[in-house]
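J.: One structure is given below, represented as structure tokens, and several questions about it will come after.
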Number of protein chains: 2
Amino acid sequence: MDSTESREEYLEAVFKLECGPGGATITRIARELGVQPASVSQMITRLVDSGLLHRDSARGQIGLTDEGRTQAVRVVRRHRLSERFLTDYLGLPWDTVHEEACRLEHALSDAAEESLARRLGHPATCPHGHPIPYEVPVADCGVPSHLADARAGESWSVAFLADESPEFLRYAASCGLAPGVLLVVVDVAPFDGPMTFVIESTRYQIGREAARRVAVTR
Amino acid sequence: MDSTESREEYLEAVFKLECGPGGATITRIARELGVQPASVSQMITRLVDSGLLHRDSARGQIGLTDEGRTQAVRVVRRHRLSERFLTDYLGLPWDTVHEEACRLEHALSDAAEESLARRLGHPATCPHGHPIPYEVPVADCGVPSHLADARAGESWSVAFLADESPEFLRYAASCGLAPGVLLVVVDVAPFDGPMTFVIESTRYQIGREAARRVAVTR
DNA sequence: TGTCGTTGTTAGGTGTTCCTAACAAACTGG
DNA sequence: CCAGTTTGTTAGGAACACCTAACAACGACA
């Protein structure tokens, strides 16, 4: 069962998309990985042949098999642990660690992963708020709410930032948005317009597109 | 100037062999990397075309250009820093960290390397005794002596272990051999026979083949 | 109903890195 | 000097992961 970096990237992408709205499809995976749909189509075929993925003929959904999920979870855990390591131990800025973790996640051995988790105190989430899975989740497919769907008067807590690009993360930070932060929605402009909210008595305003990339919980 | 993992491996191999006895040749590089000479021949051509290596027509020696040396040193530094990190911070055994460092060395960014060096206190050597270069060495090609060449009555200090396989490192440790250890050669059997030496008043005996993999200084 | 846009597949091709096999060139020992 | 080993090269091919281009299948909507 040879597991190259590329194959791991695909499993990770499916894992992340599977639980989101719309699930994992060829086009979505292609967008996530920055490759052409044709390449994804081909690779998915190979991963299905290896028994790591299955095609849900209904709606063209791609899903993980048990074996695939086990491998995907391991990669995701290493990715998020690596991000924690980069911010907490090395002191690197949170908006830049994603890319580097994408490389580290393929380089860590079982033993290193275990020691790293212990040294970091088994952190529950990555710096962007995504949970670090310590075992294969049975079905954590609770689709999180997005800030974009909130209504005026509601109060929410930021769960995680769904876009990990440095540009977005910097923008989010400048708006007071970080995992765990409590906010109260003050105003939601119509026609997909900007949202106004308050964090620690400071007012912020962001566009709906950005708000769609902020996952929140009650 | 695209620098893939494979190209970095080749540069690293040339760097390590260049300063050893016999220098870097196609066959030696092939042995170091565990690939066929034909593959090396081909890759060297490409690296020469990229301006990272040059062929010394005399004796078929392969050498690094300034640009190649800069890149090679960076990879070597990351490799050895990674090994230190794995042993000192994660507490992994010294005989197993080499392989993992071979992957980490390609995954670290400039910023991560710098932070890592600082957090580890700018260690001078890797756990096996090889120096960690913090800048491009001008010409550190002092060929080290090997324990195999020592004579009875001489005393030497272990510089580094030239073979980083877990099997050899475990064997070396069981013979008291580690970087910095002082030993006195008691007996050298003829016909490439075993050597007897004393470390902290304990007698050890190893074969000449193993002794060739132990670099020593006065 | 027909047309358009989205989605996925297939075919064919590229670059990278490895392989084996065959060969050339150079050193080595009798 | 010649046979045999060592050393390096070339040719041809395979696997992997990507690409573009062309096409098929499907839903949405006038």
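By convention in this document, the chains of the structure tokens carry letters A, B, ... by their order, each chain's residues are numbered from 1, and ligands are numbered from 1 in the order they are shown.
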Against chain C, which residues of chain B fall within 9 Å? For each one I want the closest pair of atoms and the distance in Å (one decimal), counting only C-alpha atoms (C1' of nucleotides), rows by chain and increasing residue number, as JSON lines.

T.:
{"residue": "B:Ser6", "atom": "CA", "partner": "C:DT17", "partner_atom": "C1'", "distance": 8.1}
{"residue": "B:Val35", "atom": "CA", "partner": "C:DC18", "partner_atom": "C1'", "distance": 8.1}
{"residue": "B:Gln36", "atom": "CA", "partner": "C:DC19", "partner_atom": "C1'", "distance": 8.0}
{"residue": "B:Ala38", "atom": "CA", "partner": "C:DC19", "partner_atom": "C1'", "distance": 8.9}
{"residue": "B:Ser39", "atom": "CA", "partner": "C:DC18", "partner_atom": "C1'", "distance": 6.7}
{"residue": "B:Met43", "atom": "CA", "partner": "C:DT17", "partner_atom": "C1'", "distance": 8.6}

J.: For the selection just defined, write its residues with all heavy atoms to a file, as a PDB file, in the first residue's frame.

T.:
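Result went into result_4.pdb, see below:
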ATOM      1  N   SER B   6      14.826  15.473  -4.937  1.00  0.00           N
ATOM      2  CA  SER B   6      15.838  14.617  -5.524  1.00  0.00           C
ATOM      3  C   SER B   6      17.128  15.398  -5.794  1.00  0.00           C
ATOM      4  O   SER B   6      18.222  14.936  -5.458  1.00  0.00           O
ATOM      5  CB  SER B   6      15.310  14.026  -6.825  1.00  0.00           C
ATOM      6  OG  SER B   6      15.680  12.699  -6.940  1.00  0.00           O
ATOM      7  N   VAL B  35      20.957   4.362  -5.598  1.00  0.00           N
ATOM      8  CA  VAL B  35      20.405   4.270  -6.955  1.00  0.00           C
ATOM      9  C   VAL B  35      21.479   3.730  -7.894  1.00  0.00           C
ATOM     10  O   VAL B  35      22.630   3.539  -7.486  1.00  0.00           O
ATOM     11  CB  VAL B  35      19.901   5.634  -7.467  1.00  0.00           C
ATOM     12  CG1 VAL B  35      18.783   6.176  -6.592  1.00  0.00           C
ATOM     13  CG2 VAL B  35      21.045   6.624  -7.564  1.00  0.00           C
ATOM     14  N   GLN B  36      21.097   3.474  -9.130  1.00  0.00           N
ATOM     15  CA  GLN B  36      22.023   2.926 -10.111  1.00  0.00           C
ATOM     16  C   GLN B  36      22.928   4.024 -10.673  1.00  0.00           C
ATOM     17  O   GLN B  36      22.476   5.161 -10.852  1.00  0.00           O
ATOM     18  CB  GLN B  36      21.253   2.274 -11.246  1.00  0.00           C
ATOM     19  CG  GLN B  36      20.475   1.050 -10.822  1.00  0.00           C
ATOM     20  CD  GLN B  36      21.366  -0.017 -10.244  1.00  0.00           C
ATOM     21  OE1 GLN B  36      22.389  -0.363 -10.835  1.00  0.00           O
ATOM     22  NE2 GLN B  36      21.007  -0.523  -9.078  1.00  0.00           N
ATOM     23  N   ALA B  38      23.781   4.622 -13.622  1.00  0.00           N
ATOM     24  CA  ALA B  38      23.213   5.221 -14.831  1.00  0.00           C
ATOM     25  C   ALA B  38      22.313   6.395 -14.485  1.00  0.00           C
ATOM     26  O   ALA B  38      22.345   7.431 -15.160  1.00  0.00           O
ATOM     27  CB  ALA B  38      22.445   4.169 -15.621  1.00  0.00           C
ATOM     28  N   SER B  39      21.533   6.236 -13.415  1.00  0.00           N
ATOM     29  CA  SER B  39      20.639   7.314 -13.001  1.00  0.00           C
ATOM     30  C   SER B  39      21.441   8.522 -12.531  1.00  0.00           C
ATOM     31  O   SER B  39      21.088   9.672 -12.812  1.00  0.00           O
ATOM     32  CB  SER B  39      19.729   6.837 -11.876  1.00  0.00           C
ATOM     33  OG  SER B  39      19.100   5.628 -12.221  1.00  0.00           O
ATOM     34  N   MET B  43      21.451  12.416 -13.887  1.00  0.00           N
ATOM     35  CA  MET B  43      21.097  13.523 -13.007  1.00  0.00           C
ATOM     36  C   MET B  43      22.246  14.523 -12.899  1.00  0.00           C
ATOM     37  O   MET B  43      22.018  15.732 -12.860  1.00  0.00           O
ATOM     38  CB  MET B  43      20.733  12.985 -11.623  1.00  0.00           C
ATOM     39  CG  MET B  43      20.343  14.064 -10.639  1.00  0.00           C
ATOM     40  SD  MET B  43      18.865  14.975 -11.103  1.00  0.00           S
ATOM     41  CE  MET B  43      17.727  14.361  -9.865  1.00  0.00           C
TER      42      MET B  43
END

J.: Would you please give, as JSON, numbers by chain, all residues of range 8-182 of chain B that DSSP assigns to strand (DSSP E) based on the backbone?

T.: {"B": [53, 54, 55, 56, 61, 62, 63, 64, 145, 146, 155, 156, 157, 158, 159, 160, 161, 182]}

J.: Rounded to one decimal, what separation in Å do you get between CA of Val188 in chain B and CA of Gly20 in chain B?

T.: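 Interatomic distance here is 23.6 Å.
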
J.: Using 8 Å as the limit and counting only C-alpha atoms (C1' of nucleotides), can you tabulate each residue of chain B that touches chain D, with its shortest atom-to-atom distance in Å and the two atoms involved, as a Markdown table?

T.:
| residue | atom | partner | partner_atom | distance |
| --- | --- | --- | --- | --- |
| B:Ile26 | CA | D:DG8 | C1' | 7.5 |
| B:Thr27 | CA | D:DT7 | C1' | 7.5 |
| B:Pro37 | CA | D:DG8 | C1' | 7.9 |
| B:Ala38 | CA | D:DT9 | C1' | 7.6 |
| B:Ser41 | CA | D:DG8 | C1' | 7.4 |

J.: Using only C-alpha atoms, I'd like every residue of chain A that has an atom within 7 Å of chain B; please write them out as a PyMOL selection string.

T.: chain A and resi 90+100+103-104+107+109+112+115-116

J.: Measuring between only C-alpha atoms, which one of B:Arg55, B:His146, B:His130, B:Arg212 shows the shortest distance to Phe168 in chain B?

T.: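 Between B:Arg55, B:His146, B:His130, B:Arg212, the residue approaching Phe168 in chain B most closely is B:Arg212.
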
J.: Mind checking which residues fall within 9 Å of Val75 in chain B, counting only C-alpha atoms (C1' of nucleotides), ignoring those fewer than 2 positions away in the same chain, and posting them as a ChimeraX atom specification?

T.: /B:8-9,11-12,70-73,77-80,105-106

J.: Pick out each residue of chain B that DSSP on the backbone tags as alpha helix (DSSP H); I need them as a ChimeraX atom specification.

T.: /B:5-18,26-33,37-49,66-84,97-104,110-119,166-174,208-211

J.: If we count only C-alpha atoms (C1' of nucleotides), what is near Arg28 in chain B at a cut-off of 10 Å, once residues fewer than 3 positions away on the same chain are taken out, given as an MDAnalysis selection string?

T.: chainID B and resid 13:14 17 22:25 31:34 37 40

J.: Near Ala178 in chain A, counting only C-alpha atoms (C1' of nucleotides), which residues have an atom at most 10 Å away, once you skip same-chain residues fewer than 5 positions from it, shown as a compact mmCIF listing (two decimals) with all heavy atoms, in the first residue's frame?

T.:
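Everything below was put into part-v2.txt:
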# COMPACT_ATOMS: atom_id res chain seq x y z
N PRO A 127 -3.88 26.31 15.11
CA PRO A 127 -3.98 27.76 15.41
C PRO A 127 -5.16 28.42 14.72
O PRO A 127 -5.56 29.52 15.10
CB PRO A 127 -2.66 28.32 14.85
CG PRO A 127 -1.74 27.16 14.75
CD PRO A 127 -2.60 25.97 14.49
N HIS A 128 -5.74 27.78 13.72
CA HIS A 128 -6.87 28.39 13.01
C HIS A 128 -8.20 27.87 13.53
O HIS A 128 -9.25 28.21 12.98
CB HIS A 128 -6.74 28.15 11.51
CG HIS A 128 -5.37 28.43 11.01
ND1 HIS A 128 -4.52 27.43 10.58
CD2 HIS A 128 -4.67 29.58 10.93
CE1 HIS A 128 -3.37 27.98 10.23
NE2 HIS A 128 -3.42 29.26 10.43
N GLY A 129 -8.15 27.00 14.55
CA GLY A 129 -9.37 26.55 15.19
C GLY A 129 -9.88 25.19 14.76
O GLY A 129 -10.86 24.71 15.32
N SER A 157 -19.72 32.27 18.53
CA SER A 157 -18.31 32.14 18.88
C SER A 157 -17.58 31.61 17.65
O SER A 157 -18.04 30.69 17.00
CB SER A 157 -18.19 31.18 20.06
OG SER A 157 -16.90 30.66 20.15
N VAL A 158 -16.44 32.18 17.34
CA VAL A 158 -15.69 31.74 16.15
C VAL A 158 -15.14 30.33 16.38
O VAL A 158 -14.45 30.09 17.38
CB VAL A 158 -14.54 32.70 15.83
CG1 VAL A 158 -13.73 32.18 14.66
CG2 VAL A 158 -15.08 34.09 15.52
N ALA A 159 -15.48 29.40 15.49
CA ALA A 159 -14.99 28.02 15.62
C ALA A 159 -13.63 27.89 14.91
O ALA A 159 -12.64 27.52 15.52
CB ALA A 159 -15.98 27.04 15.02
N PHE A 160 -13.62 28.18 13.63
CA PHE A 160 -12.33 28.13 12.90
C PHE A 160 -12.42 28.99 11.64
O PHE A 160 -13.51 29.37 11.20
CB PHE A 160 -11.94 26.70 12.55
CG PHE A 160 -12.94 25.97 11.71
CD1 PHE A 160 -12.94 26.09 10.32
CD2 PHE A 160 -13.89 25.13 12.29
CE1 PHE A 160 -13.86 25.41 9.55
CE2 PHE A 160 -14.82 24.45 11.51
CZ PHE A 160 -14.80 24.59 10.14
N LEU A 161 -11.26 29.28 11.09
CA LEU A 161 -11.18 30.00 9.83
C LEU A 161 -11.05 28.98 8.71
O LEU A 161 -10.12 28.18 8.70
CB LEU A 161 -9.98 30.95 9.81
CG LEU A 161 -10.03 32.22 10.69
CD1 LEU A 161 -11.36 32.93 10.50
CD2 LEU A 161 -9.80 31.92 12.15
N LEU A 169 -6.15 35.22 6.47
CA LEU A 169 -5.90 35.14 7.90
C LEU A 169 -5.48 36.49 8.48
O LEU A 169 -5.90 36.87 9.58
CB LEU A 169 -4.84 34.07 8.19
CG LEU A 169 -5.31 32.63 7.94
CD1 LEU A 169 -4.16 31.66 8.10
CD2 LEU A 169 -6.45 32.27 8.88
N ALA A 172 -8.63 38.55 8.62
CA ALA A 172 -9.48 38.09 9.72
C ALA A 172 -8.96 38.64 11.05
O ALA A 172 -9.72 39.16 11.87
CB ALA A 172 -9.52 36.57 9.75
N ALA A 173 -7.65 38.54 11.25
CA ALA A 173 -7.06 39.01 12.51
C ALA A 173 -7.31 40.51 12.67
O ALA A 173 -7.59 40.99 13.78
CB ALA A 173 -5.57 38.71 12.54
N VAL A 214 -15.74 32.10 7.69
CA VAL A 214 -15.60 32.06 9.14
C VAL A 214 -16.66 31.12 9.71
O VAL A 214 -17.85 31.38 9.62
CB VAL A 214 -15.80 33.48 9.74
CG1 VAL A 214 -15.64 33.43 11.25
CG2 VAL A 214 -14.82 34.46 9.12

J.: Which value, in Å to one decimal, gives the distance between CA of Asp88 in chain B and CA of Arg7 in chain B?

T.: 28.6 Å

J.: What is the CA of Leu177 in chain B to CA of Arg213 in chain B distance in Å?

T.: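 One can read the CA of Leu177 in chain B to CA of Arg213 in chain B distance as 11.0 Å.
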